[in-house]
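Worksheet for the structure shown next.
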Amino acid sequence: RLVWQIHNKYIIAQIESGVMIVDQHVAHERVLYERALSRFATNAGAAQQLMFPVTEQISPGDYALLSELLPHFEQLGFSIKLFGKDTIVIDGVPPDVRGRTETKIVEDLLMMYKEAHQHGIHDERDALAKSFSCKAAIKAGDKLAEPEMRSLLDQLFQTRMPYVCPHGRPVVLKIAIDELDRRFGRT
């Protein structure tokens with residue numbers, strides 16, 4: 001089947017009943033979310049070691065929160081060492097994390113976790129899985145090669161809920177060939 005990327009945001013593919021349009025960011029979010037939940041369930045968070053560990057200073061509040069959530073970060077696949085009262089060393093990341101984004105992802109995870117907690121969401125694992133999937137996912141604007149698009153679609157349709165992202169947004173839009181025919185006056 002043929003696949004195309006338009007505006008570096010959407011993947012278009014022909015399907016038997018018409019055309020399918022996939023939002024690449026939320027599709028990857030769904031894949032990463034289910035992968036994160038699986039890591040939590042199986043306690044299998046293997047970290048990909050960084051060639052050059054990253055040392056970062058964070059606020060004392062974030063340091064305290066990270067030290068509390070560290071077992072969950074490890075289950076996601078992070079390897080983080082705590083030093084002093086405000087220094088962390090990231091020396092391993094989940095395989096899904098693209099290079100040079102590790103510090104930003106850790107900071108964003110902590111920020112999103114605090115926001116979720118303020119809104120009354122107390123399932124730590126689910127909140128971290130949603131935050132991780134959002135921050136580590138392919139972004140709108142990222143150019144994908146054809147093999148990457150195919151791989152993303154294959155992974156998406158292996159998930160339990162391929163049509164909705166973890167935050168409830170639609171992932172796939174299908175347009176039936178009958179609808180296309182009608183719109184082009186072919187009925």
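In the structure tokens, chains take the letters A, B, ... in the order shown, each chain's residues start at 1, and ligands count up from 1 in the order shown.
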Might you pull out every residue within 9 Å of range 44-60 of chain A, with only C-alpha atoms counted and same-chain residues fewer than 2 positions away left off, and present them as a PyMOL selection string?
chain A and resi 36+38-42+62-65+73-79+85-95+102-103+107
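All residues of protein, DNA or RNA that reach within 8 Å of Gln5 in chain A, judged by only C-alpha atoms and not counting those fewer than 3 positions away in the chain, are Asn8, Lys9, Tyr10, Ile11, Ile12, Lys143, Leu144 and Met149 of chain A.
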File of the preceding selection, C-alpha atoms, as a PDB file, in the first residue's frame:
```
ATOM      1  CA  ASN A   8       4.911  16.888   7.833  1.00  0.00           C
ATOM      2  CA  LYS A   9       1.897  16.238  10.086  1.00  0.00           C
ATOM      3  CA  TYR A  10      -0.372  13.655   8.536  1.00  0.00           C
ATOM      4  CA  ILE A  11       0.116  10.273   6.928  1.00  0.00           C
ATOM      5  CA  ILE A  12      -2.273   9.351   4.146  1.00  0.00           C
ATOM      6  CA  LYS A 143       9.606  14.750   8.256  1.00  0.00           C
ATOM      7  CA  LEU A 144       9.279  10.979   8.072  1.00  0.00           C
ATOM      8  CA  MET A 149       5.556   5.971   8.189  1.00  0.00           C
TER       9      MET A 149
END
```
Check the DSSP output for the backbone and give back, as a PyMOL selection string, the residues of chain A in strand (DSSP E).
chain A and resi 3-6+10-15+18-23+48-57+79-83+87-93+172-176
When you count only C-alpha atoms, which of these residues is closest to Glu29 in chain A: A:Cys134, A:Ala140, A:Leu153, A:Val171?
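When distances to Glu29 in chain A are compared using only C-alpha atoms, the smallest one comes from A:Cys134.
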From a DSSP pass on the backbone, collect the residues of range 31-187 of chain A flagged as helix (DSSP H, G or I) and hand them back as a PyMOL selection string.
chain A and resi 31-42+60-76+102-118+124-136+146-156+177-183
What lies within 9 Å of Ala127 in chain A using only C-alpha atoms, ignoring chain neighbours under 2 positions off, as a list in words?
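Counting only C-alpha atoms, the residues come to Leu109, Met112, Tyr113, Ala116, His117, Ile121, His122, Asp123, Glu124, Arg125, Ala129, Lys130, Ser131 and Phe132 of chain A.
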Coordinates-based distance that separates CA of Tyr33 in chain A from CA of Phe83 in chain A (Å, one decimal):
29.5 Å
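Proximity ranking of A:Ala13, A:Val164, A:Leu37, A:Leu110 relative to Glu146 in chain A places A:Ala13 first, based on only C-alpha atoms.
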Looking at only C-alpha atoms, which of A:Ser17, A:Val106, A:Arg150, A:Val97 is the one that sits closest to Leu66 in chain A?
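Among the listed residues, the smallest separation from Leu66 in chain A belongs to A:Val106.
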Atomic separation - CA of Ile21 in chain A relative to CA of Ala145 in chain A, Å:
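One can read the CA of Ala145 in chain A to CA of Ile21 in chain A distance as 16.4 Å.
A straight line drawn from CA of Leu2 in chain A to CA of Lys139 in chain A is 21.8 Å long.
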Using only C-alpha atoms, which protein or nucleic acid residues come within 8 Å of Leu152 in chain A? Drop anything in the same chain fewer than 2 positions from it, and give the result as a PyMOL selection string.
chain A and resi 24+27-28+148-150+154-156
Lys174 in chain A environment, 9 Å, only C-alpha atoms, sequence neighbours closer than 6 positions dropped, as a PDB file with N, CA, C and O atoms, in the first residue's frame:
```pdb
ATOM      1  N   ILE A  15      -6.867   2.669   1.775  1.00  0.00           N
ATOM      2  CA  ILE A  15      -7.389   1.466   2.400  1.00  0.00           C
ATOM      3  C   ILE A  15      -8.497   0.927   1.500  1.00  0.00           C
ATOM      4  O   ILE A  15      -8.942   1.609   0.571  1.00  0.00           O
ATOM      5  N   SER A  17     -11.618   0.551   1.796  1.00  0.00           N
ATOM      6  CA  SER A  17     -12.885   1.284   1.742  1.00  0.00           C
ATOM      7  C   SER A  17     -12.731   2.754   1.361  1.00  0.00           C
ATOM      8  O   SER A  17     -13.708   3.481   1.284  1.00  0.00           O
ATOM      9  N   GLY A  18     -11.485   3.227   1.146  1.00  0.00           N
ATOM     10  CA  GLY A  18     -11.291   4.632   0.799  1.00  0.00           C
ATOM     11  C   GLY A  18      -9.900   5.126   1.132  1.00  0.00           C
ATOM     12  O   GLY A  18      -8.908   4.585   0.662  1.00  0.00           O
ATOM     13  N   VAL A  19      -9.844   6.151   1.987  1.00  0.00           N
ATOM     14  CA  VAL A  19      -8.582   6.785   2.368  1.00  0.00           C
ATOM     15  C   VAL A  19      -8.534   6.933   3.884  1.00  0.00           C
ATOM     16  O   VAL A  19      -9.545   7.225   4.519  1.00  0.00           O
ATOM     17  N   MET A  20      -7.352   6.729   4.431  1.00  0.00           N
ATOM     18  CA  MET A  20      -7.146   6.895   5.867  1.00  0.00           C
ATOM     19  C   MET A  20      -6.122   8.013   6.059  1.00  0.00           C
ATOM     20  O   MET A  20      -5.085   8.037   5.395  1.00  0.00           O
ATOM     21  N   ILE A  21      -6.440   8.931   6.972  1.00  0.00           N
ATOM     22  CA  ILE A  21      -5.516  10.008   7.321  1.00  0.00           C
ATOM     23  C   ILE A  21      -5.170   9.835   8.795  1.00  0.00           C
ATOM     24  O   ILE A  21      -6.060   9.740   9.639  1.00  0.00           O
ATOM     25  N   VAL A  22      -3.872   9.813   9.092  1.00  0.00           N
ATOM     26  CA  VAL A  22      -3.396   9.566  10.455  1.00  0.00           C
ATOM     27  C   VAL A  22      -2.579  10.764  10.916  1.00  0.00           C
ATOM     28  O   VAL A  22      -1.672  11.210  10.209  1.00  0.00           O
TER      29      VAL A  22
END
```
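Checking A:Met161, A:Val3, A:Val26, A:Ile105 one by one against Lys135 in chain A, counting only C-alpha atoms, you find the shortest gap at A:Ile105.
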